[in-house]
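Peer 1: Next comes target_19.txt, compact mmCIF, C-alpha atoms and all ligand atoms:
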# COMPACT_ATOMS: atom_id res chain seq x y z
CA MET A 234 -39.35 40.08 -36.59
CA LEU A 235 -43.12 40.42 -36.91
CA SER A 236 -46.01 39.57 -34.63
CA GLU A 237 -47.81 36.40 -35.69
CA ASP A 238 -50.82 38.39 -36.94
CA ARG A 239 -48.59 40.72 -38.97
CA ALA A 240 -46.71 37.75 -40.40
CA ARG A 241 -49.97 36.13 -41.57
CA GLU A 242 -51.07 39.46 -43.08
CA SER A 243 -47.75 39.84 -44.92
CA VAL A 244 -47.85 36.75 -47.12
CA ILE A 245 -49.82 36.73 -50.39
CA ILE A 246 -50.16 33.27 -51.95
CA ALA A 247 -50.14 33.32 -55.76
CA LEU A 248 -52.79 30.97 -57.11
CA ASP A 249 -51.30 30.42 -60.55
CA CYS A 250 -53.46 27.42 -61.40
CA ALA A 251 -56.91 26.40 -62.64
CA ARG A 252 -60.10 26.92 -60.64
CA ASP A 253 -60.42 23.52 -58.96
CA GLU A 254 -56.86 23.59 -57.67
CA ALA A 255 -57.23 27.24 -56.61
CA ILE A 256 -60.37 26.41 -54.63
CA SER A 257 -58.79 23.40 -52.99
CA LEU A 258 -55.70 25.47 -52.03
CA ALA A 259 -57.96 28.22 -50.69
CA ASP A 260 -59.85 25.65 -48.59
CA SER A 261 -56.63 24.33 -47.09
CA LEU A 262 -55.27 27.83 -46.36
CA SER A 263 -58.51 29.34 -45.09
CA GLY A 264 -58.28 30.31 -41.41
CA ARG A 265 -54.45 30.49 -41.59
CA ALA A 266 -53.60 32.81 -44.48
CA CYS A 267 -55.13 36.25 -45.11
CA TRP A 268 -54.26 36.94 -48.77
CA VAL A 269 -54.23 35.25 -52.17
CA LYS A 270 -53.17 36.63 -55.55
CA VAL A 271 -55.41 36.02 -58.56
CA GLY A 272 -53.67 36.71 -61.86
CA MET A 273 -54.91 37.10 -65.41
CA THR A 274 -55.01 33.38 -66.20
CA LEU A 275 -57.43 32.51 -63.41
CA PHE A 276 -59.42 35.75 -63.62
CA TYR A 277 -59.96 35.62 -67.40
CA ALA A 278 -61.10 32.00 -67.10
CA GLU A 279 -63.42 32.45 -64.13
CA GLY A 280 -64.36 36.14 -64.00
CA PRO A 281 -65.32 38.17 -60.93
CA SER A 282 -66.92 35.18 -59.15
CA ILE A 283 -63.45 33.81 -58.32
CA VAL A 284 -62.89 36.90 -56.13
CA SER A 285 -66.13 36.25 -54.21
CA GLU A 286 -65.20 32.59 -53.83
CA MET A 287 -61.96 33.65 -52.10
CA HIS A 288 -63.78 36.18 -49.92
CA ARG A 289 -66.25 33.48 -48.83
CA ARG A 290 -63.24 31.57 -47.50
CA GLY A 291 -62.05 34.59 -45.52
CA LEU A 292 -59.22 35.40 -47.96
CA LYS A 293 -58.48 38.89 -49.27
CA VAL A 294 -57.57 39.20 -52.95
CA PHE A 295 -54.68 40.88 -54.72
CA LEU A 296 -56.06 41.05 -58.28
CA ASP A 297 -52.92 41.11 -60.40
CA LEU A 298 -54.36 42.37 -63.71
CA LYS A 299 -51.52 44.81 -64.51
CA LEU A 300 -53.84 47.33 -66.16
CA HIS A 301 -52.29 49.34 -69.03
CA ASP A 302 -54.51 51.19 -71.53
CA ILE A 303 -55.76 54.71 -72.24
CA PRO A 304 -56.68 56.52 -69.02
CA PHE A 305 -60.44 56.42 -69.71
CA GLN A 306 -60.42 52.64 -70.17
CA VAL A 307 -58.22 52.08 -67.12
CA ARG A 308 -60.54 54.17 -64.96
CA GLY A 309 -63.45 51.90 -65.97
CA ALA A 310 -61.40 48.71 -65.57
CA ALA A 311 -60.17 49.75 -62.11
CA ARG A 312 -63.74 50.58 -61.10
CA SER A 313 -64.97 47.16 -62.34
CA ALA A 314 -62.11 45.27 -60.66
CA SER A 315 -62.83 47.10 -57.45
CA LEU A 316 -66.55 46.33 -57.67
CA ALA A 317 -65.59 42.67 -58.24
CA GLY A 318 -64.03 42.87 -54.78
CA ALA A 319 -60.30 43.39 -55.40
CA ASP A 320 -58.59 44.39 -52.16
CA ILE A 321 -55.37 45.27 -54.03
CA LEU A 322 -55.14 45.82 -57.81
CA SER A 323 -52.04 46.15 -59.99
CA ILE A 324 -51.54 48.68 -62.80
CA HIS A 325 -48.57 49.60 -65.01
CA GLY A 326 -46.68 52.75 -64.06
CA MET A 327 -45.56 52.94 -67.72
CA GLY A 328 -49.12 53.89 -68.68
CA SER A 329 -48.41 57.50 -67.55
CA ALA A 330 -49.20 59.62 -64.48
CA GLU A 331 -52.59 60.44 -65.98
CA MET A 332 -53.41 56.73 -66.37
CA VAL A 333 -52.45 56.05 -62.73
CA ALA A 334 -54.53 59.04 -61.59
CA GLN A 335 -57.54 57.72 -63.52
CA ALA A 336 -57.08 54.25 -62.00
CA ARG A 337 -57.19 55.95 -58.60
CA ALA A 338 -60.36 57.80 -59.62
CA GLY A 339 -61.91 54.47 -60.69
CA VAL A 340 -61.26 52.77 -57.34
CA GLU A 341 -62.45 55.88 -55.48
CA GLU A 342 -65.73 55.76 -57.42
CA ALA A 343 -66.18 52.08 -56.59
CA ALA A 344 -65.50 52.71 -52.90
CA GLY A 345 -68.81 54.58 -52.78
CA HIS A 346 -70.50 51.23 -53.54
CA ARG A 347 -68.34 49.22 -51.14
CA ALA A 348 -69.12 50.90 -47.85
CA GLY A 349 -66.16 53.22 -48.37
CA GLN A 350 -63.65 50.35 -48.65
CA ARG A 351 -61.18 51.46 -51.30
CA THR A 352 -59.14 49.02 -53.37
CA ARG A 353 -55.44 49.78 -52.94
CA LEU A 354 -53.36 50.22 -56.10
CA VAL A 355 -49.85 48.96 -56.68
CA ALA A 356 -47.88 49.92 -59.78
CA ILE A 357 -45.54 47.75 -61.80
CA SER A 358 -42.46 49.77 -62.70
CA VAL A 359 -40.32 47.59 -65.01
CA LEU A 360 -41.33 43.92 -65.27
CA THR A 361 -38.65 41.68 -63.77
CA SER A 362 -38.72 39.68 -66.99
CA MET A 363 -37.21 42.71 -68.78
CA SER A 364 -33.51 43.41 -69.15
CA GLN A 365 -31.52 46.50 -70.11
CA GLU A 366 -31.52 45.16 -73.70
CA SER A 367 -35.29 44.69 -73.84
CA LEU A 368 -35.77 48.20 -72.42
CA GLU A 369 -33.55 49.57 -75.17
CA GLU A 370 -35.58 47.59 -77.70
CA ILE A 371 -38.64 49.66 -76.74
CA GLY A 372 -36.67 52.92 -76.77
CA VAL A 373 -35.87 53.35 -73.05
CA THR A 374 -32.22 54.30 -72.68
CA LEU A 375 -32.00 55.03 -68.92
CA PRO A 376 -30.20 52.43 -66.77
CA LEU A 377 -32.83 49.91 -65.64
CA GLU A 378 -32.57 50.79 -61.93
CA GLU A 379 -33.10 54.48 -62.67
CA GLU A 380 -36.11 53.66 -64.81
CA VAL A 381 -37.59 51.55 -61.96
CA ALA A 382 -37.07 54.40 -59.45
CA ARG A 383 -38.46 57.00 -61.85
CA LEU A 384 -41.64 55.05 -62.61
CA ALA A 385 -42.14 54.14 -58.94
CA ALA A 386 -41.99 57.81 -57.91
CA LEU A 387 -44.24 58.85 -60.81
CA SER A 388 -46.85 56.20 -59.88
CA VAL A 389 -46.95 56.96 -56.18
CA GLY A 390 -47.00 60.70 -56.96
CA ALA A 391 -50.03 60.15 -59.21
CA GLY A 392 -52.11 58.22 -56.66
CA SER A 393 -50.84 54.64 -56.50
CA ASP A 394 -50.62 53.30 -52.93
CA GLY A 395 -47.38 51.54 -53.71
CA ILE A 396 -45.39 49.41 -56.11
CA VAL A 397 -44.37 45.87 -56.97
CA CYS A 398 -40.61 45.28 -57.06
CA SER A 399 -38.03 42.58 -56.42
CA PRO A 400 -36.83 42.14 -52.81
CA ARG A 401 -33.41 43.39 -53.92
CA GLU A 402 -34.90 46.81 -54.71
CA ALA A 403 -37.11 46.96 -51.60
CA SER A 404 -34.75 48.91 -49.38
CA ASP A 405 -33.98 51.57 -52.02
CA MET A 406 -37.71 51.86 -52.78
CA ARG A 407 -38.55 52.20 -49.08
CA CYS A 408 -36.05 55.08 -48.78
CA ARG A 409 -37.38 56.83 -51.87
CA LEU A 410 -41.12 56.31 -51.30
CA GLY A 411 -41.34 56.63 -47.52
CA GLU A 412 -42.97 54.60 -44.78
CA ALA A 413 -46.56 54.81 -46.01
CA ALA A 414 -45.95 53.18 -49.41
CA LEU A 415 -47.11 49.62 -49.95
CA ILE A 416 -44.11 47.66 -51.24
CA VAL A 417 -45.06 44.23 -52.58
CA THR A 418 -42.28 41.83 -53.54
CA PRO A 419 -42.47 38.55 -55.49
CA GLY A 420 -39.27 36.56 -56.03
CA VAL A 421 -39.26 35.25 -52.44
CA ARG A 422 -37.93 31.81 -51.56
CA PRO A 423 -37.53 30.23 -48.11
CA ALA A 424 -33.92 29.05 -47.62
CA GLY A 425 -33.31 25.74 -49.39
CA SER A 426 -36.40 25.79 -51.62
CA GLU A 427 -36.44 25.45 -55.41
CA LEU A 428 -35.82 28.68 -57.32
CA GLY A 429 -37.89 27.63 -60.35
CA ASP A 430 -37.59 30.42 -62.93
CA GLN A 431 -36.95 33.12 -60.32
CA ARG A 432 -33.40 34.48 -60.35
CA ARG A 433 -33.15 37.56 -58.11
CA VAL A 434 -34.59 36.11 -54.91
CA SER A 435 -34.49 36.75 -51.15
CA THR A 436 -35.74 34.81 -48.17
CA PRO A 437 -39.03 35.97 -46.57
CA ALA A 438 -37.30 37.39 -43.47
CA SER A 439 -34.69 39.32 -45.46
CA ALA A 440 -37.33 40.77 -47.83
CA ILE A 441 -39.28 42.11 -44.83
CA ALA A 442 -36.07 43.39 -43.20
CA ALA A 443 -35.26 45.24 -46.44
CA GLY A 444 -38.55 47.13 -46.25
CA ALA A 445 -41.16 45.02 -48.07
CA SER A 446 -44.70 45.42 -46.74
CA MET A 447 -46.00 42.21 -48.31
CA LEU A 448 -44.48 39.15 -49.98
CA VAL A 449 -45.89 37.19 -52.92
CA LEU A 450 -45.09 33.48 -52.81
CA GLY A 451 -46.47 30.93 -55.24
CA ARG A 452 -44.84 27.59 -55.84
CA PRO A 453 -43.02 27.24 -52.47
CA ILE A 454 -46.52 27.00 -50.97
CA THR A 455 -48.81 25.81 -53.78
CA ARG A 456 -46.50 23.02 -54.98
CA ALA A 457 -45.62 21.81 -51.46
CA GLN A 458 -46.89 18.39 -50.35
CA ASP A 459 -48.58 20.22 -47.50
CA PRO A 460 -49.38 23.82 -48.55
CA ALA A 461 -50.79 24.78 -45.13
CA GLY A 462 -47.61 23.44 -43.46
CA ALA A 463 -45.39 25.35 -45.92
CA PHE A 464 -47.35 28.54 -45.19
CA GLU A 465 -46.96 28.01 -41.43
CA GLY A 466 -43.19 27.52 -41.91
CA ILE A 467 -42.96 30.93 -43.61
CA VAL A 468 -45.02 32.55 -40.84
CA ARG A 469 -42.62 31.02 -38.27
CA GLU A 470 -39.62 32.38 -40.18
CA LEU A 471 -41.13 35.89 -40.19
CA VAL A 472 -41.97 35.73 -36.48
CA GLU A 473 -38.48 34.51 -35.57
CA GLY A 474 -36.84 37.02 -37.92
O1 LIG B 501 -44.23 30.69 -57.83
P1 LIG B 501 -43.58 32.02 -57.52
O2 LIG B 501 -43.34 32.25 -56.04
O3 LIG B 501 -42.35 32.26 -58.35
O4 LIG B 501 -44.68 33.07 -57.98
C1 LIG B 501 -44.46 34.44 -57.94
C2 LIG B 501 -45.68 35.17 -58.41
O5 LIG B 501 -45.38 36.56 -58.50
C3 LIG B 501 -46.20 34.77 -59.78
O6 LIG B 501 -47.63 34.89 -59.74
C4 LIG B 501 -45.61 35.79 -60.72
O7 LIG B 501 -46.42 36.04 -61.84
C5 LIG B 501 -45.59 37.03 -59.84
N1 LIG B 501 -44.62 38.05 -60.20
C6 LIG B 501 -43.25 37.82 -60.31
N2 LIG B 501 -42.40 38.86 -60.63
C7 LIG B 501 -42.90 40.08 -60.82
C8 LIG B 501 -44.26 40.32 -60.69
C9 LIG B 501 -45.10 39.28 -60.36
O8 LIG B 501 -42.78 36.70 -60.12
N3 LIG B 501 -42.10 41.08 -61.07
Translate this file's structure into C-alpha cells.
Ligand code: C5P
Peer 2:
Amino acid sequence: MLSEDRARESVIIALDCARDEAISLADSLSGRACWVKVGMTLFYAEGPSIVSEMHRRGLKVFLDLKLHDIPFQVRGAARSASLAGADILSIHGMGSAEMVAQARAGVEEAAGHRAGQRTRLVAISVLTSMSQESLEEIGVTLPLEEEVARLAALSVGAGSDGIVCSPREASDMRCRLGEAALIVTPGVRPAGSELGDQRRVSTPASAIAAGASMLVLGRPITRAQDPAGAFEGIVRELVEG
C-alpha cells in the first residue's frame, strides 16, 4: 500500500507513439501523473525539445535511450541527455563498469548546469527480449538469471542509481542491491488487461510489493479509451494494495 502521492510518483507512462499522440496523452495526464518515458523512436524523431514539452506539462521524463558505446562517447551522450532535461536515463550494464562510471561522470558534469539536479541512471542488465539461447549466441554461457544479477551488481557498483528488470526479478534484485537502489520494472499489467507481447508480467500492486521502486506501463494506459481514467485506476490499486 502506498500513499496517493507515492502511487502517482511510482507510475511511468511509456509514450511509444508519434509526437502528436504523445502530446495529446501528456495533456490528458498532466496534473495527475508525474512521469512519462520517452524512448528512442520518439526522441530520435523529435530531439531534445520533446523533453521540454513534457516538462512544460509538469511531467518528469525517463529518457530510455539505453546507451551502449565506448566510455568516452557514453560520457558525452549522458551529459547531452542530461542537459536535454532527462530526469532518469537508461544505459546498458553490458557496456562495462568503466562505461557506467563514465555515464555517471557525464550526468555529474551536466548537474553543474542544472542547478545541481543530477539525472539518475538506471542500467539494463539483460534485455527481456533475450533468452538463454540468444545469450549463448553472443558467447555468454552463465545461466540468464546469474548474468542479470552479475550485471546489476556491476552497474550499481560502478555508479548507476539502479536497474531495469522484470517484476519477477524485483524481489531478488532488492535483496542484492539494497534499499537505496532504484528498481524500475516494465512488464506490468493491471488484472484483466491485455498482455500484448509481454509474457512475464505482474500486477502493479504485486510489482511494488516485490520491491519495485517505479513501474513502467504503456499500452494499458495509452491504448485505453480514457487514458486518465486508466491511470487513476492504477493509482487506486496501488493505494489499496
Ligand atoms: O505497452 P507496455 O506496457 O508493454 O510498454 C512497456 C514499455 O517498457 C515499453 O516502452 C517497452 O519498450 C519497455 N520495456 C520493456 N521491457 C524491458 C525494458 C523496457 O517492455 N525489459
Peer 1: Please, what distance in Å, to one decimal, runs between atom CA of Val421 of chain A and atom CA of Lys299 of chain A?
Peer 2: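 We find that atom CA of Val421 of chain A and atom CA of Lys299 of chain A lie 19.7 Å from each other.
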Peer 1: Separation of atom C3 of ligand LIG 501 (chain B) and atom CA of Ala314 of chain A, in Å?
Peer 2: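 Distance reported for this atom pair: 19.1 Å.
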Peer 1: Taking into account only C-alpha atoms and all ligand atoms, which residue in the set A:Pro400, A:Gly411, A:Gly474, A:Gly345 is nearest to ligand LIG 501 (chain B)?
Peer 2: A:Pro400
Peer 1: Please provide as a ChimeraX atom specification all residues within 9 Å of segment 278-286 of chain A, with the sequence filter that same-chain residues fewer than 5 positions apart are discarded (counting only C-alpha atoms).
Peer 2: /A:251-252,256,271,273,292-294,296,314,316-319
Peer 1: Write out as CSV a residue-level contact list of chain A versus ligand LIG 501 (chain B) with cut-off 9 Å: for each qualifying residue the closest pair of atoms and the distance in Å to one decimal, counting all atoms listed in the file, rows sorted by chain and residue number upward.
Peer 2:
residue,atom,partner,partner_atom,distance
A:Ile246,CA,B:LIG501,O2,8.0
A:Ala247,CA,B:LIG501,O6,5.0
A:Leu248,CA,B:LIG501,O6,7.0
A:Asp249,CA,B:LIG501,O6,5.8
A:Lys270,CA,B:LIG501,O6,7.2
A:Val271,CA,B:LIG501,O6,7.9
A:Gly272,CA,B:LIG501,O6,6.7
A:Asp297,CA,B:LIG501,C9,8.0
A:Ile357,CA,B:LIG501,N3,7.5
A:Ser358,CA,B:LIG501,N3,8.8
A:Val359,CA,B:LIG501,N3,7.8
A:Leu360,CA,B:LIG501,N3,5.1
A:Thr361,CA,B:LIG501,N3,4.4
A:Ser362,CA,B:LIG501,N3,7.0
A:Val397,CA,B:LIG501,C8,6.7
A:Cys398,CA,B:LIG501,N3,6.0
A:Ser399,CA,B:LIG501,N3,6.4
A:Thr418,CA,B:LIG501,C7,7.5
A:Pro419,CA,B:LIG501,O5,4.6
A:Gly420,CA,B:LIG501,O8,5.4
A:Val421,CA,B:LIG501,O2,6.2
A:Arg422,CA,B:LIG501,O2,7.0
A:Leu428,CA,B:LIG501,O3,7.5
A:Gly429,CA,B:LIG501,O3,6.7
A:Asp430,CA,B:LIG501,O3,6.9
A:Gln431,CA,B:LIG501,O3,5.8
A:Leu448,CA,B:LIG501,O5,9.0
A:Val449,CA,B:LIG501,O5,5.6
A:Leu450,CA,B:LIG501,O2,3.9
A:Gly451,CA,B:LIG501,O1,3.4
A:Arg452,CA,B:LIG501,O1,3.7
A:Pro453,CA,B:LIG501,O2,6.2
A:Ile454,CA,B:LIG501,O2,8.0
A:Thr455,CA,B:LIG501,O1,7.8
A:Arg456,CA,B:LIG501,O1,8.5
Peer 1: Residues as selected, C-alpha atoms, written as a PDB file, in the coordinates of the input, can you do that?
Peer 2:
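Writing the result to part_11.pdb gives the following:
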ATOM      1  CA  ILE A 246     -50.160  33.270 -51.950  1.00  0.00           C
ATOM      2  CA  ALA A 247     -50.140  33.320 -55.760  1.00  0.00           C
ATOM      3  CA  LEU A 248     -52.790  30.970 -57.110  1.00  0.00           C
ATOM      4  CA  ASP A 249     -51.300  30.420 -60.550  1.00  0.00           C
ATOM      5  CA  LYS A 270     -53.170  36.630 -55.550  1.00  0.00           C
ATOM      6  CA  VAL A 271     -55.410  36.020 -58.560  1.00  0.00           C
ATOM      7  CA  GLY A 272     -53.670  36.710 -61.860  1.00  0.00           C
ATOM      8  CA  ASP A 297     -52.920  41.110 -60.400  1.00  0.00           C
ATOM      9  CA  ILE A 357     -45.540  47.750 -61.800  1.00  0.00           C
ATOM     10  CA  SER A 358     -42.460  49.770 -62.700  1.00  0.00           C
ATOM     11  CA  VAL A 359     -40.320  47.590 -65.010  1.00  0.00           C
ATOM     12  CA  LEU A 360     -41.330  43.920 -65.270  1.00  0.00           C
ATOM     13  CA  THR A 361     -38.650  41.680 -63.770  1.00  0.00           C
ATOM     14  CA  SER A 362     -38.720  39.680 -66.990  1.00  0.00           C
ATOM     15  CA  VAL A 397     -44.370  45.870 -56.970  1.00  0.00           C
ATOM     16  CA  CYS A 398     -40.610  45.280 -57.060  1.00  0.00           C
ATOM     17  CA  SER A 399     -38.030  42.580 -56.420  1.00  0.00           C
ATOM     18  CA  THR A 418     -42.280  41.830 -53.540  1.00  0.00           C
ATOM     19  CA  PRO A 419     -42.470  38.550 -55.490  1.00  0.00           C
ATOM     20  CA  GLY A 420     -39.270  36.560 -56.030  1.00  0.00           C
ATOM     21  CA  VAL A 421     -39.260  35.250 -52.440  1.00  0.00           C
ATOM     22  CA  ARG A 422     -37.930  31.810 -51.560  1.00  0.00           C
ATOM     23  CA  LEU A 428     -35.820  28.680 -57.320  1.00  0.00           C
ATOM     24  CA  GLY A 429     -37.890  27.630 -60.350  1.00  0.00           C
ATOM     25  CA  ASP A 430     -37.590  30.420 -62.930  1.00  0.00           C
ATOM     26  CA  GLN A 431     -36.950  33.120 -60.320  1.00  0.00           C
ATOM     27  CA  LEU A 448     -44.480  39.150 -49.980  1.00  0.00           C
ATOM     28  CA  VAL A 449     -45.890  37.190 -52.920  1.00  0.00           C
ATOM     29  CA  LEU A 450     -45.090  33.480 -52.810  1.00  0.00           C
ATOM     30  CA  GLY A 451     -46.470  30.930 -55.240  1.00  0.00           C
ATOM     31  CA  ARG A 452     -44.840  27.590 -55.840  1.00  0.00           C
ATOM     32  CA  PRO A 453     -43.020  27.240 -52.470  1.00  0.00           C
ATOM     33  CA  ILE A 454     -46.520  27.000 -50.970  1.00  0.00           C
ATOM     34  CA  THR A 455     -48.810  25.810 -53.780  1.00  0.00           C
ATOM     35  CA  ARG A 456     -46.500  23.020 -54.980  1.00  0.00           C
TER      36      ARG A 456
END
Peer 1: Find the spatial neighbours of Leu322 of chain A, counting all atoms listed in the file, within a cut-off of 7 Å - ignore same-chain residues fewer than 4 positions away - and output them as a PDB file with C-alpha atoms, keeping the file's coordinate frame.
Peer 2:
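out14.pdb, written as the output of this step:
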ATOM      1  CA  PHE A 295     -54.680  40.880 -54.720  1.00  0.00           C
ATOM      2  CA  LEU A 296     -56.060  41.050 -58.280  1.00  0.00           C
ATOM      3  CA  ASP A 297     -52.920  41.110 -60.400  1.00  0.00           C
ATOM      4  CA  LEU A 298     -54.360  42.370 -63.710  1.00  0.00           C
ATOM      5  CA  THR A 352     -59.140  49.020 -53.370  1.00  0.00           C
ATOM      6  CA  ARG A 353     -55.440  49.780 -52.940  1.00  0.00           C
ATOM      7  CA  LEU A 354     -53.360  50.220 -56.100  1.00  0.00           C
ATOM      8  CA  VAL A 355     -49.850  48.960 -56.680  1.00  0.00           C
TER       9      VAL A 355
END
Peer 1: Using all atoms listed in the file, which of A:Glu331, A:Gly326, A:His346, A:Val434 sits nearest Arg383 of chain A?
Peer 2: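 Comparing A:Glu331, A:Gly326, A:His346, A:Val434 against Arg383 of chain A, the winner is A:Gly326.
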Peer 1: Can you pull out the residues contacting His301 of chain A? Cut-off 8 Å, using only C-alpha atoms, and skip same-chain residues under 6 positions away; I want them as an MDAnalysis selection string.
Peer 2: chainID A and resid 307 324:325 327:328 332
Peer 1: All heavy atoms for segment 235-244 of chain A, written as a short mmCIF file (atom, residue, chain, number, x, y, z; two decimals), in the frame of the given file, could you do that?
Peer 2:
data_model
loop_
_atom_site.label_atom_id
_atom_site.label_comp_id
_atom_site.auth_asym_id
_atom_site.auth_seq_id
_atom_site.Cartn_x
_atom_site.Cartn_y
_atom_site.Cartn_z
N LEU A 235 -41.75 39.90 -36.86
CA LEU A 235 -43.12 40.42 -36.91
C LEU A 235 -43.96 39.68 -35.88
O LEU A 235 -43.63 38.56 -35.49
CB LEU A 235 -43.73 40.15 -38.30
CG LEU A 235 -43.06 40.79 -39.51
CD1 LEU A 235 -43.79 40.34 -40.78
CD2 LEU A 235 -43.09 42.30 -39.42
N SER A 236 -45.06 40.30 -35.47
CA SER A 236 -46.01 39.57 -34.63
C SER A 236 -46.64 38.48 -35.51
O SER A 236 -46.61 38.57 -36.75
CB SER A 236 -47.11 40.50 -34.12
OG SER A 236 -47.93 40.88 -35.21
N GLU A 237 -47.24 37.48 -34.88
CA GLU A 237 -47.81 36.40 -35.69
C GLU A 237 -48.91 36.93 -36.61
O GLU A 237 -48.99 36.55 -37.79
CB GLU A 237 -48.35 35.28 -34.80
CG GLU A 237 -48.71 34.10 -35.64
CD GLU A 237 -49.24 32.92 -34.86
OE1 GLU A 237 -48.78 32.69 -33.73
OE2 GLU A 237 -50.13 32.24 -35.41
N ASP A 238 -49.74 37.85 -36.10
CA ASP A 238 -50.82 38.39 -36.94
C ASP A 238 -50.24 39.14 -38.14
O ASP A 238 -50.70 38.99 -39.27
CB ASP A 238 -51.71 39.34 -36.13
CG ASP A 238 -52.63 38.56 -35.20
OD1 ASP A 238 -52.70 37.33 -35.33
OD2 ASP A 238 -53.26 39.21 -34.33
N ARG A 239 -49.21 39.97 -37.88
CA ARG A 239 -48.59 40.72 -38.97
C ARG A 239 -47.97 39.77 -39.99
O ARG A 239 -48.04 39.98 -41.19
CB ARG A 239 -47.50 41.66 -38.44
CG ARG A 239 -47.96 43.04 -37.98
CD ARG A 239 -48.33 43.99 -39.13
NE ARG A 239 -47.47 43.96 -40.32
CZ ARG A 239 -46.30 44.55 -40.44
NH1 ARG A 239 -45.80 45.26 -39.44
NH2 ARG A 239 -45.61 44.47 -41.55
N ALA A 240 -47.34 38.71 -39.49
CA ALA A 240 -46.71 37.75 -40.40
C ALA A 240 -47.77 37.12 -41.31
O ALA A 240 -47.58 37.01 -42.52
CB ALA A 240 -45.97 36.68 -39.59
N ARG A 241 -48.90 36.74 -40.75
CA ARG A 241 -49.97 36.13 -41.57
C ARG A 241 -50.49 37.12 -42.60
O ARG A 241 -50.82 36.77 -43.73
CB ARG A 241 -51.12 35.63 -40.69
CG ARG A 241 -50.75 34.42 -39.89
CD ARG A 241 -51.87 33.84 -39.06
NE ARG A 241 -51.31 32.85 -38.17
CZ ARG A 241 -50.97 31.61 -38.53
NH1 ARG A 241 -51.22 31.20 -39.76
NH2 ARG A 241 -50.41 30.79 -37.68
N GLU A 242 -50.57 38.39 -42.20
CA GLU A 242 -51.07 39.46 -43.08
C GLU A 242 -50.07 39.80 -44.19
O GLU A 242 -50.41 40.48 -45.14
CB GLU A 242 -51.32 40.74 -42.26
CG GLU A 242 -52.67 40.81 -41.59
CD GLU A 242 -53.79 41.24 -42.56
OE1 GLU A 242 -53.49 41.75 -43.65
OE2 GLU A 242 -54.95 41.01 -42.21
N SER A 243 -48.80 39.40 -43.99
CA SER A 243 -47.75 39.84 -44.92
C SER A 243 -47.51 38.91 -46.09
O SER A 243 -46.73 39.24 -46.98
CB SER A 243 -46.41 39.99 -44.18
OG SER A 243 -46.55 40.88 -43.13
N VAL A 244 -48.13 37.74 -46.07
CA VAL A 244 -47.85 36.75 -47.12
C VAL A 244 -49.05 36.64 -48.07
O VAL A 244 -50.17 36.38 -47.64
CB VAL A 244 -47.53 35.37 -46.51
CG1 VAL A 244 -47.27 34.34 -47.61
CG2 VAL A 244 -46.34 35.46 -45.57
#
